[in-house]
$ cat start.cif   # mmCIF, C-alpha atoms
data_coords
loop_
_atom_site.label_atom_id
_atom_site.label_comp_id
_atom_site.auth_asym_id
_atom_site.auth_seq_id
_atom_site.Cartn_x
_atom_site.Cartn_y
_atom_site.Cartn_z
CA MET A 1 0.00 0.00 0.00
CA LYS A 2 1.32 3.43 -0.91
CA LYS A 3 1.98 5.82 1.97
CA TYR A 4 1.26 9.53 1.66
CA SER A 5 1.97 12.32 4.11
CA LEU A 6 -0.83 13.75 6.26
CA LYS A 7 -0.35 17.15 4.62
CA PHE A 8 -0.75 15.61 1.20
CA LEU A 9 -3.89 13.71 2.20
CA GLY A 10 -5.38 16.93 3.54
CA ALA A 11 -4.67 18.70 0.27
CA LEU A 12 -6.14 15.75 -1.62
CA ALA A 13 -9.41 15.92 0.31
CA LEU A 14 -9.63 19.68 -0.17
CA GLY A 15 -8.88 19.32 -3.86
CA LEU A 16 -11.64 16.81 -4.40
CA SER A 17 -14.24 18.87 -2.57
CA VAL A 18 -13.38 22.05 -4.48
CA THR A 19 -12.66 20.90 -8.00
CA LEU A 20 -15.30 18.24 -8.54
CA SER A 21 -18.13 20.52 -7.52
CA ALA A 22 -16.75 23.43 -9.50
CA PHE A 23 -16.13 21.83 -12.86
CA GLY A 24 -17.82 18.48 -13.35
CA GLU A 25 -16.80 16.88 -16.62
CA CYS A 26 -13.70 17.76 -18.60
CA LYS A 27 -14.19 20.73 -20.93
CA ALA A 28 -12.53 21.84 -24.16
CA PRO A 29 -9.87 24.56 -23.98
CA VAL A 30 -11.21 28.06 -23.52
CA CYS A 31 -11.60 30.31 -26.52
CA LYS A 32 -10.58 33.88 -27.24
CA ASN A 33 -11.34 36.54 -24.63
CA ASP A 34 -11.48 33.96 -21.84
CA THR A 35 -8.49 33.13 -19.66
CA LEU A 36 -6.60 29.91 -20.29
CA ARG A 37 -4.85 28.63 -17.17
CA ILE A 38 -1.86 26.33 -17.66
CA LEU A 39 0.17 24.60 -14.95
CA SER A 40 3.47 23.08 -16.00
CA ILE A 41 5.05 20.50 -13.71
CA GLY A 42 8.42 21.09 -15.22
CA ASN A 43 12.00 22.22 -15.23
CA SER A 44 14.21 24.54 -17.29
CA PHE A 45 12.70 23.24 -20.53
CA SER A 46 9.30 24.59 -19.46
CA GLU A 47 11.07 27.85 -18.69
CA ASP A 48 12.20 27.87 -22.33
CA ALA A 49 8.62 27.39 -23.51
CA PHE A 50 6.73 29.81 -21.31
CA GLU A 51 8.84 32.49 -19.71
CA GLN A 52 9.87 34.61 -22.69
CA GLU A 53 7.59 34.55 -25.72
CA PHE A 54 4.41 32.70 -24.75
CA ILE A 55 2.45 35.47 -23.02
CA PRO A 56 3.07 38.18 -25.65
CA LEU A 57 2.29 35.68 -28.40
CA CYS A 58 -1.01 34.75 -26.75
CA LYS A 59 -1.89 38.40 -26.14
CA SER A 60 -1.36 39.13 -29.82
CA ALA A 61 -3.67 36.21 -30.62
CA GLY A 62 -6.36 37.67 -28.35
CA VAL A 63 -5.99 34.98 -25.69
CA ASN A 64 -5.54 35.77 -22.01
CA VAL A 65 -3.26 33.24 -20.33
CA VAL A 66 -2.07 32.55 -16.80
CA VAL A 67 0.87 30.16 -16.53
CA GLY A 68 2.19 28.43 -13.45
CA ASN A 69 5.60 26.80 -13.81
CA MET A 70 6.57 24.41 -11.02
CA TYR A 71 10.31 24.64 -11.57
CA ILE A 72 13.20 22.47 -10.48
CA GLY A 73 16.20 22.51 -12.80
CA GLY A 74 16.71 19.14 -14.48
CA CYS A 75 13.81 17.56 -12.58
CA ASP A 76 12.64 14.18 -13.83
CA ILE A 77 9.30 12.41 -13.44
CA ASN A 78 10.48 10.22 -10.58
CA ARG A 79 11.53 13.22 -8.50
CA HIS A 80 8.29 15.05 -9.27
CA PHE A 81 6.38 11.97 -8.17
CA ASP A 82 8.39 11.68 -4.94
CA ASN A 83 7.78 15.37 -4.21
CA PHE A 84 4.07 14.81 -4.82
CA LYS A 85 3.80 11.76 -2.54
CA ASN A 86 5.75 13.35 0.29
CA ASP A 87 4.50 16.92 -0.19
CA LYS A 88 8.01 18.35 -0.37
CA LYS A 89 8.72 22.07 -0.52
CA ASP A 90 11.20 21.66 -3.36
CA TYR A 91 9.82 23.95 -6.05
CA SER A 92 10.27 27.44 -7.31
CA TYR A 93 6.71 28.39 -8.26
CA ARG A 94 6.92 30.85 -11.14
CA LYS A 95 3.54 32.34 -11.94
CA LEU A 96 3.02 34.53 -15.00
CA ASP A 97 -0.13 36.64 -15.15
CA THR A 98 -1.94 37.81 -18.27
CA SER A 99 0.41 40.79 -18.61
CA GLY A 100 3.50 38.58 -18.50
CA LYS A 101 4.55 39.65 -15.01
CA CYS A 102 6.25 36.78 -13.20
CA ASP A 103 5.99 36.29 -9.44
CA THR A 104 8.25 33.66 -7.91
CA THR A 105 7.69 31.83 -4.64
CA ASN A 106 10.44 29.50 -3.46
CA ASN A 107 10.12 26.42 -1.25
CA TYR A 108 6.68 25.68 -2.68
CA ARG A 109 4.64 22.48 -2.60
CA LEU A 110 3.01 20.86 -5.61
CA SER A 111 -0.13 20.22 -3.55
CA LEU A 112 -0.59 23.99 -3.19
CA ALA A 113 0.09 24.76 -6.85
CA LEU A 114 -2.46 22.21 -8.03
CA LEU A 115 -5.19 24.10 -6.17
CA ASP A 116 -3.90 27.64 -6.71
CA GLU A 117 -5.98 28.20 -9.87
CA PRO A 118 -8.81 26.37 -11.65
CA TRP A 119 -6.31 25.02 -14.16
CA ASP A 120 -7.54 24.19 -17.66
CA ILE A 121 -4.33 22.46 -18.75
CA ILE A 122 -1.77 20.59 -16.65
CA SER A 123 1.44 19.61 -18.40
CA PHE A 124 3.76 16.74 -17.53
CA GLN A 125 7.24 16.25 -18.95
CA GLN A 126 10.39 14.20 -18.56
CA ALA A 127 13.87 15.53 -17.86
CA SER A 128 15.66 16.04 -21.16
CA HIS A 129 18.41 13.50 -20.57
CA ASP A 130 15.85 10.78 -19.82
CA SER A 131 13.28 11.85 -22.41
CA GLY A 132 14.13 8.99 -24.77
CA ARG A 133 14.55 6.27 -22.13
CA LYS A 134 11.27 4.41 -21.68
CA ASN A 135 12.23 2.79 -18.38
CA THR A 136 12.47 6.21 -16.70
CA TYR A 137 8.71 6.80 -17.12
CA ARG A 138 7.74 4.00 -14.76
CA ASN A 139 6.04 6.28 -12.18
CA LEU A 140 4.19 8.45 -14.67
CA THR A 141 0.85 6.62 -14.59
CA GLU A 142 0.62 6.67 -10.80
CA PHE A 143 1.72 10.31 -10.77
CA ILE A 144 -0.97 11.27 -13.27
CA THR A 145 -3.62 9.39 -11.29
CA GLY A 146 -2.59 11.12 -8.07
CA VAL A 147 -2.75 14.55 -9.66
CA ARG A 148 -6.18 13.76 -11.13
CA ASN A 149 -7.46 12.83 -7.68
CA VAL A 150 -6.45 16.28 -6.41
CA VAL A 151 -7.65 18.51 -9.26
CA GLY A 152 -10.81 16.70 -10.33
CA GLU A 153 -12.07 16.13 -13.85
CA HIS A 154 -11.83 19.58 -15.41
CA PRO A 155 -8.16 20.05 -16.36
CA ARG A 156 -6.91 18.47 -19.56
CA PHE A 157 -3.62 16.64 -19.09
CA VAL A 158 -0.99 17.04 -21.81
CA PHE A 159 2.54 15.79 -22.26
CA TYR A 160 5.29 18.16 -23.31
CA GLN A 161 7.70 16.57 -25.80
CA THR A 162 11.19 17.97 -25.41
CA TRP A 163 13.92 17.99 -28.06
CA ALA A 164 17.21 16.36 -28.89
CA TYR A 165 20.47 18.09 -28.05
CA SER A 166 22.66 19.95 -30.52
CA PRO A 167 25.07 17.77 -32.53
CA ASP A 168 28.08 18.83 -30.45
CA SER A 169 26.35 19.01 -27.05
CA LYS A 170 28.51 18.38 -23.99
CA HIS A 171 25.55 17.45 -21.78
CA PHE A 172 26.29 14.28 -19.78
CA GLY A 173 22.96 12.76 -20.86
CA PHE A 174 23.90 12.83 -24.54
CA ALA A 175 25.89 9.64 -23.91
CA ASN A 176 22.54 7.85 -23.51
CA TYR A 177 22.06 8.38 -27.25
CA SER A 178 25.60 7.74 -28.50
CA HIS A 179 26.08 11.51 -28.82
CA ARG A 180 23.85 11.47 -31.91
CA GLN A 181 21.03 13.93 -32.43
CA ASP A 182 19.11 11.60 -34.74
CA VAL A 183 19.26 8.74 -32.22
CA MET A 184 17.98 11.03 -29.48
CA ASP A 185 15.16 12.30 -31.70
CA ASP A 186 14.04 8.77 -32.55
CA SER A 187 14.30 7.64 -28.93
CA ILE A 188 12.17 10.55 -27.71
CA SER A 189 9.48 9.84 -30.31
CA SER A 190 9.41 6.17 -29.35
CA ALA A 191 9.11 7.05 -25.67
CA ILE A 192 6.22 9.42 -26.39
CA ASP A 193 4.47 6.62 -28.30
CA ALA A 194 4.63 4.55 -25.11
CA VAL A 195 3.46 7.45 -22.93
CA VAL A 196 0.36 7.92 -25.08
CA LYS A 197 -0.38 4.19 -25.24
CA ASN A 198 0.00 3.64 -21.51
CA ASN A 199 -1.66 6.82 -20.23
CA PRO A 200 -5.12 7.48 -21.69
CA GLN A 201 -5.52 10.49 -19.41
CA ILE A 202 -2.94 12.28 -21.58
CA LYS A 203 -5.25 14.03 -24.04
CA ALA A 204 -2.58 15.66 -26.18
CA VAL A 205 1.12 15.82 -26.84
CA VAL A 206 2.67 19.25 -27.37
CA PRO A 207 5.25 18.25 -30.01
CA VAL A 208 7.91 20.90 -29.49
CA GLY A 209 10.60 18.26 -29.95
CA SER A 210 9.25 17.29 -33.35
CA VAL A 211 8.96 20.92 -34.42
CA ILE A 212 12.55 21.63 -33.35
CA LYS A 213 13.65 18.49 -35.22
CA ASN A 214 12.01 19.69 -38.43
CA ALA A 215 13.13 23.29 -37.97
CA ARG A 216 16.71 22.03 -37.80
CA LYS A 217 16.35 20.76 -41.35
CA THR A 218 15.74 24.30 -42.60
CA ALA A 219 17.87 27.41 -42.99
CA LEU A 220 17.53 27.93 -39.22
CA GLY A 221 20.35 25.42 -38.69
CA ASP A 222 20.82 22.16 -36.80
CA ASP A 223 21.55 23.64 -33.35
CA LEU A 224 18.91 26.12 -32.08
CA THR A 225 20.32 25.93 -28.55
CA ARG A 226 22.33 28.35 -26.44
CA ASP A 227 24.40 25.77 -24.60
CA GLY A 228 23.89 22.48 -26.44
CA TYR A 229 20.52 21.67 -24.88
CA HIS A 230 18.50 24.71 -23.74
CA LEU A 231 16.77 26.62 -26.54
CA ASP A 232 18.41 29.78 -27.81
CA LYS A 233 16.73 33.05 -26.86
CA LYS A 234 16.72 34.47 -30.39
CA VAL A 235 14.62 32.08 -32.44
CA ALA A 236 14.04 28.76 -30.68
CA ARG A 237 12.14 29.99 -27.63
CA TYR A 238 9.70 31.61 -30.03
CA ILE A 239 9.37 28.27 -31.83
CA ALA A 240 8.50 26.51 -28.57
CA ALA A 241 5.95 29.13 -27.50
CA ALA A 242 4.29 29.19 -30.92
CA THR A 243 4.06 25.39 -30.90
CA TRP A 244 2.19 25.52 -27.60
CA LEU A 245 -0.20 28.08 -29.09
CA LYS A 246 -0.92 25.86 -32.08
CA ALA A 247 -1.14 22.64 -30.07
CA LEU A 248 -3.47 23.97 -27.38
CA LEU A 249 -5.68 26.41 -29.25
CA GLY A 250 -5.32 25.46 -32.90
CA ILE A 251 -4.05 28.95 -33.72
CA ASN A 252 -1.44 29.08 -36.47
CA PRO A 253 1.40 31.45 -35.50
CA GLY A 254 1.32 32.70 -39.09
CA ASP A 255 -2.11 34.18 -38.34
CA VAL A 256 -0.76 36.11 -35.36
CA GLU A 257 0.86 39.51 -35.81
CA TYR A 258 3.39 39.18 -33.00
CA ARG A 259 6.98 38.61 -34.04
CA PRO A 260 9.89 39.08 -31.62
CA ALA A 261 12.42 41.66 -32.77
CA ARG A 262 15.06 38.95 -32.74
CA VAL A 263 13.16 36.94 -35.37
CA ASN A 264 13.24 38.36 -38.89
CA GLU A 265 10.42 37.96 -41.41
CA ALA A 266 12.14 35.19 -43.35
CA GLN A 267 12.74 33.20 -40.19
CA LYS A 268 9.15 33.68 -39.07
CA LYS A 269 7.84 32.29 -42.36
CA ILE A 270 9.99 29.18 -41.92
CA ILE A 271 8.87 28.79 -38.32
CA ASP A 272 5.18 29.32 -39.12
CA SER A 273 5.25 26.74 -41.90
CA THR A 274 7.21 24.20 -39.84
CA ILE A 275 4.84 24.44 -36.87
CA LYS A 276 1.68 24.27 -38.96
CA THR A 277 2.87 21.21 -40.87
CA THR A 278 4.41 19.37 -37.92
CA VAL A 279 1.56 19.85 -35.44
CA SER A 280 -1.08 19.03 -38.07
CA HIS A 281 0.64 15.74 -38.91
CA THR A 282 1.72 14.60 -35.46
CA PRO A 283 0.79 10.94 -34.84
CA TRP A 284 -0.20 11.72 -31.25
CA PRO A 285 -3.51 13.00 -29.90
CA ARG A 286 -4.31 16.69 -30.18
CA LEU A 287 -6.79 18.87 -28.34
CA LYS A 288 -9.79 19.94 -30.36
CA PRO A 289 -9.50 23.60 -31.37
CA CYS A 290 -11.90 26.15 -29.96
CA ALA A 291 -15.27 26.61 -31.57
CA LYS A 292 -15.21 29.80 -33.58
#
$ encode --input "start.cif" --output "structure tokens"
Amino acid sequence: MKKYSLKFLGALALGLSVTLSAFGECKAPVCKNDTLRILSIGNSFSEDAFEQEFIPLCKSAGVNVVVGNMYIGGCDINRHFDNFKNDKKDYSYRKLDTSGKCDTTNNYRLSLALLDEPWDIISFQQASHDSGRKNTYRNLTEFITGVRNVVGEHPRFVFYQTWAYSPDSKHFGFANYSHRQDVMDDSISSAIDAVVKNNPQIKAVVPVGSVIKNARKTALGDDLTRDGYHLDKKVARYIAAATWLKALLGINPGDVEYRPARVNEAQKKIIDSTIKTTVSHTPWPRLKPCAK
């Protein structure tokens, strides 16, 4: 029998009483002029996706967004699950409001973050170095079930697909893939196949890894990182944010006026096309777009 802390069980009971009565059955993502609330149970790769370009991109698309990023650098699923079971104060809770302002609270518990907002989307992810190693996902199903018991039926659960390292990355985890970008890409895709098959509560995959893979085949180049593994702050963070916009709301970045000053028009055209094609043809489940 699994043992959970008294604090966690208290949060669980509170979560069930609040969320089930408030939301009932799972709903589609909110549409324009509402507020979409996203909680990422993540690490520095969720920082890449959300903490630079995502809010201004959504604002330009007419979508109000609140993002909570439960951050631990390099955190993997097993550590997240252990923190959840034992209600550990291990997180930096980075919360971005609709204006993009970020408030950070350190020594934060996941049990508190899960109930901080009526989240519409909750995102799970694996640490980048383990993202293509299927055996490292062994606690994911139980973790997902535990989170569902706290938040009720409303939030959609998604899985965030991360990307392969640059060809010359010095990250220790690159050895898991023979220091080959193509091997890491294929391994990540295979692991995501298993995640989707084994976890029906995952309603969509946000295929940032696949978009980065395809973008690397264009004039943007085969790196797109700033240190061999984190996304560069010029082009690639915009790619990640725009992929989230397309994957969650069905909005093509090419239909949105916003373009960071660091991204020129030619680059934006490549990015828009790559995202539209990749997300539309992903083999994994996608959320239904908003009704117009």
$ resolve_selection --input "start.cif" --expression "the PyMOL selection byres ((chain A and resi 262-271) around 8)" --output "list in words"
Ala215, Thr218, Leu220, Lys234, Val235, Ile239, Gly254, Arg259, Pro260, Ala261, Asp272, Ser273, Thr274 and Ile275 of chain A
$ resolve_selection --input "start.cif" --expression "the PyMOL selection byres ((chain A and resi 196-208) around 8)" --output "PyMOL selection string"
chain A and resi 141+144+156-163+192-195+209-212+239-240+243-244+247-248+279+282+284-287
$ residues_around --input "start.cif" --residues "Glu51 of chain A" --least-positions-apart "4" --cutoff "9 Å" --atoms "all atoms listed in the file" --output "number ranges by chain"
A: 46-47, 55, 67, 69, 94, 96, 100, 102, 237, 241
$ closest_residue --input "start.cif" --among "A:His154, A:Arg148, A:Lys288, A:Lys95" --to "Leu249 of chain A" --atoms "all atoms listed in the file"
A:Lys288
$ atom_distance --input "start.cif" --atom1 "atom CA of His80 of chain A" --atom2 "atom CA of Ser111 of chain A"
11.4 Å
$ resolve_selection --input "start.cif" --expression "the PyMOL selection byres ((chain A and resi 108) around 9)" --output "PyMOL selection string"
chain A and resi 70+88-93+105-107+109-113
$ write_last_selection --input "start.cif" --atoms "C-alpha atoms" --output "PDB file, keeping the file's coordinate frame"
ATOM      1  CA  MET A  70       6.570  24.410 -11.020  1.00  0.00           C
ATOM      2  CA  LYS A  88       8.010  18.350  -0.370  1.00  0.00           C
ATOM      3  CA  LYS A  89       8.720  22.070  -0.520  1.00  0.00           C
ATOM      4  CA  ASP A  90      11.200  21.660  -3.360  1.00  0.00           C
ATOM      5  CA  TYR A  91       9.820  23.950  -6.050  1.00  0.00           C
ATOM      6  CA  SER A  92      10.270  27.440  -7.310  1.00  0.00           C
ATOM      7  CA  TYR A  93       6.710  28.390  -8.260  1.00  0.00           C
ATOM      8  CA  THR A 105       7.690  31.830  -4.640  1.00  0.00           C
ATOM      9  CA  ASN A 106      10.440  29.500  -3.460  1.00  0.00           C
ATOM     10  CA  ASN A 107      10.120  26.420  -1.250  1.00  0.00           C
ATOM     11  CA  ARG A 109       4.640  22.480  -2.600  1.00  0.00           C
ATOM     12  CA  LEU A 110       3.010  20.860  -5.610  1.00  0.00           C
ATOM     13  CA  SER A 111      -0.130  20.220  -3.550  1.00  0.00           C
ATOM     14  CA  LEU A 112      -0.590  23.990  -3.190  1.00  0.00           C
ATOM     15  CA  ALA A 113       0.090  24.760  -6.850  1.00  0.00           C
TER      16      ALA A 113
END
$ atom_distance --input "start.cif" --atom1 "atom CA of Ile41 of chain A" --atom2 "atom CA of Phe81 of chain A"
10.3 Å
$ closest_residue --input "start.cif" --among "A:Arg133, A:Ser166, A:Thr35, A:Ile77" --to "Asp120 of chain A" --atoms "all atoms listed in the file"
A:Thr35
$ atom_distance --input "start.cif" --atom1 "atom CA of His230 of chain A" --atom2 "atom CA of Gly73 of chain A"
11.4 Å
$ closest_residue --input "start.cif" --among "A:Gly132, A:Tyr238, A:Ser189, A:Ala127" --to "Pro283 of chain A" --atoms "only C-alpha atoms"
A:Ser189
$ closest_residue --input "start.cif" --among "A:Leu114, A:Leu224, A:Ala61, A:Leu231" --to "Ile38 of chain A" --atoms "all atoms listed in the file"
A:Leu114
$ closest_residue --input "start.cif" --among "A:Thr98, A:Asn86, A:Asn78, A:Ser187" --to "Thr136 of chain A" --atoms "all atoms listed in the file"
A:Asn78
$ closest_residue --input "start.cif" --among "A:Asn149, A:Glu257, A:Arg138, A:Asp168" --to "Ala191 of chain A" --atoms "all atoms listed in the file"
A:Arg138
$ axis_aligned_box --input "start.cif" --around "segment 203-218 of chain A" --padding-each-side "8 Å" --output "AutoDock Vina command-line options"
--center_x 5.7 --center_y 19.2 --center_z -33.3 --size_x 38.0 --size_y 26.3 --size_z 34.6
$ decode --input "start.cif" --residues "segment 249-260 of chain A" --atoms "all heavy atoms" --output "compact mmCIF listing (two decimals), in the first residue's frame"
# COMPACT_ATOMS: atom_id res chain seq x y z
N LEU A 249 -4.54 25.62 -28.80
CA LEU A 249 -5.68 26.41 -29.25
C LEU A 249 -5.95 26.31 -30.75
O LEU A 249 -6.89 26.91 -31.25
CB LEU A 249 -5.47 27.88 -28.86
CG LEU A 249 -5.59 28.15 -27.35
CD1 LEU A 249 -5.08 29.53 -27.00
CD2 LEU A 249 -7.04 27.99 -26.91
N GLY A 250 -5.11 25.60 -31.46
CA GLY A 250 -5.32 25.46 -32.90
C GLY A 250 -5.05 26.73 -33.68
O GLY A 250 -5.49 26.86 -34.82
N ILE A 251 -4.34 27.68 -33.07
CA ILE A 251 -4.05 28.95 -33.72
C ILE A 251 -2.70 28.88 -34.43
O ILE A 251 -1.68 28.62 -33.79
CB ILE A 251 -4.05 30.11 -32.71
CG1 ILE A 251 -5.43 30.24 -32.05
CG2 ILE A 251 -3.65 31.43 -33.38
CD1 ILE A 251 -5.49 31.26 -30.94
N ASN A 252 -2.70 29.08 -35.73
CA ASN A 252 -1.44 29.08 -36.47
C ASN A 252 -0.66 30.35 -36.16
O ASN A 252 -1.22 31.46 -36.25
CB ASN A 252 -1.71 29.03 -37.98
CG ASN A 252 -2.33 27.71 -38.41
OD1 ASN A 252 -1.90 26.64 -37.97
ND2 ASN A 252 -3.35 27.78 -39.26
N PRO A 253 0.61 30.24 -35.80
CA PRO A 253 1.40 31.45 -35.50
C PRO A 253 1.47 32.39 -36.69
O PRO A 253 1.65 33.60 -36.52
CB PRO A 253 2.77 30.91 -35.10
CG PRO A 253 2.81 29.51 -35.64
CD PRO A 253 1.40 29.02 -35.60
N GLY A 254 1.32 31.85 -37.91
CA GLY A 254 1.32 32.70 -39.09
C GLY A 254 0.13 33.63 -39.16
O GLY A 254 0.15 34.62 -39.90
N ASP A 255 -0.93 33.33 -38.38
CA ASP A 255 -2.11 34.18 -38.34
C ASP A 255 -2.05 35.20 -37.21
O ASP A 255 -3.00 35.95 -36.99
CB ASP A 255 -3.37 33.32 -38.17
CG ASP A 255 -3.58 32.37 -39.34
OD1 ASP A 255 -3.17 32.73 -40.46
OD2 ASP A 255 -4.15 31.28 -39.13
N VAL A 256 -0.93 35.20 -36.49
CA VAL A 256 -0.76 36.11 -35.36
C VAL A 256 0.28 37.16 -35.72
O VAL A 256 1.35 36.84 -36.25
CB VAL A 256 -0.31 35.32 -34.10
CG1 VAL A 256 -0.07 36.26 -32.92
CG2 VAL A 256 -1.35 34.27 -33.74
N GLU A 257 -0.01 38.40 -35.41
CA GLU A 257 0.86 39.51 -35.81
C GLU A 257 2.18 39.50 -35.06
O GLU A 257 3.22 39.90 -35.61
CB GLU A 257 0.14 40.83 -35.57
CG GLU A 257 0.93 42.05 -36.02
CD GLU A 257 0.16 43.34 -35.84
OE1 GLU A 257 -1.05 43.28 -35.54
OE2 GLU A 257 0.77 44.41 -35.99
N TYR A 258 2.19 39.06 -33.83
CA TYR A 258 3.39 39.18 -33.00
C TYR A 258 4.59 38.46 -33.60
O TYR A 258 4.51 37.31 -34.00
CB TYR A 258 3.13 38.63 -31.60
CG TYR A 258 4.36 38.63 -30.71
CD1 TYR A 258 4.83 39.81 -30.15
CD2 TYR A 258 5.04 37.45 -30.44
CE1 TYR A 258 5.97 39.82 -29.34
CE2 TYR A 258 6.17 37.44 -29.63
CZ TYR A 258 6.62 38.63 -29.09
OH TYR A 258 7.74 38.62 -28.29
N ARG A 259 5.70 39.18 -33.64
CA ARG A 259 6.98 38.61 -34.04
C ARG A 259 8.05 39.27 -33.19
O ARG A 259 8.19 40.49 -33.21
CB ARG A 259 7.25 38.86 -35.52
CG ARG A 259 8.66 38.47 -35.97
CD ARG A 259 8.84 38.57 -37.48
NE ARG A 259 8.65 39.91 -38.00
CZ ARG A 259 9.61 40.85 -38.05
NH1 ARG A 259 10.82 40.59 -37.58
NH2 ARG A 259 9.33 42.04 -38.54
N PRO A 260 8.82 38.48 -32.42
CA PRO A 260 9.89 39.08 -31.62
C PRO A 260 10.88 39.82 -32.51
O PRO A 260 11.13 39.42 -33.65
CB PRO A 260 10.55 37.88 -30.94
CG PRO A 260 9.57 36.76 -31.07
CD PRO A 260 8.78 37.02 -32.30
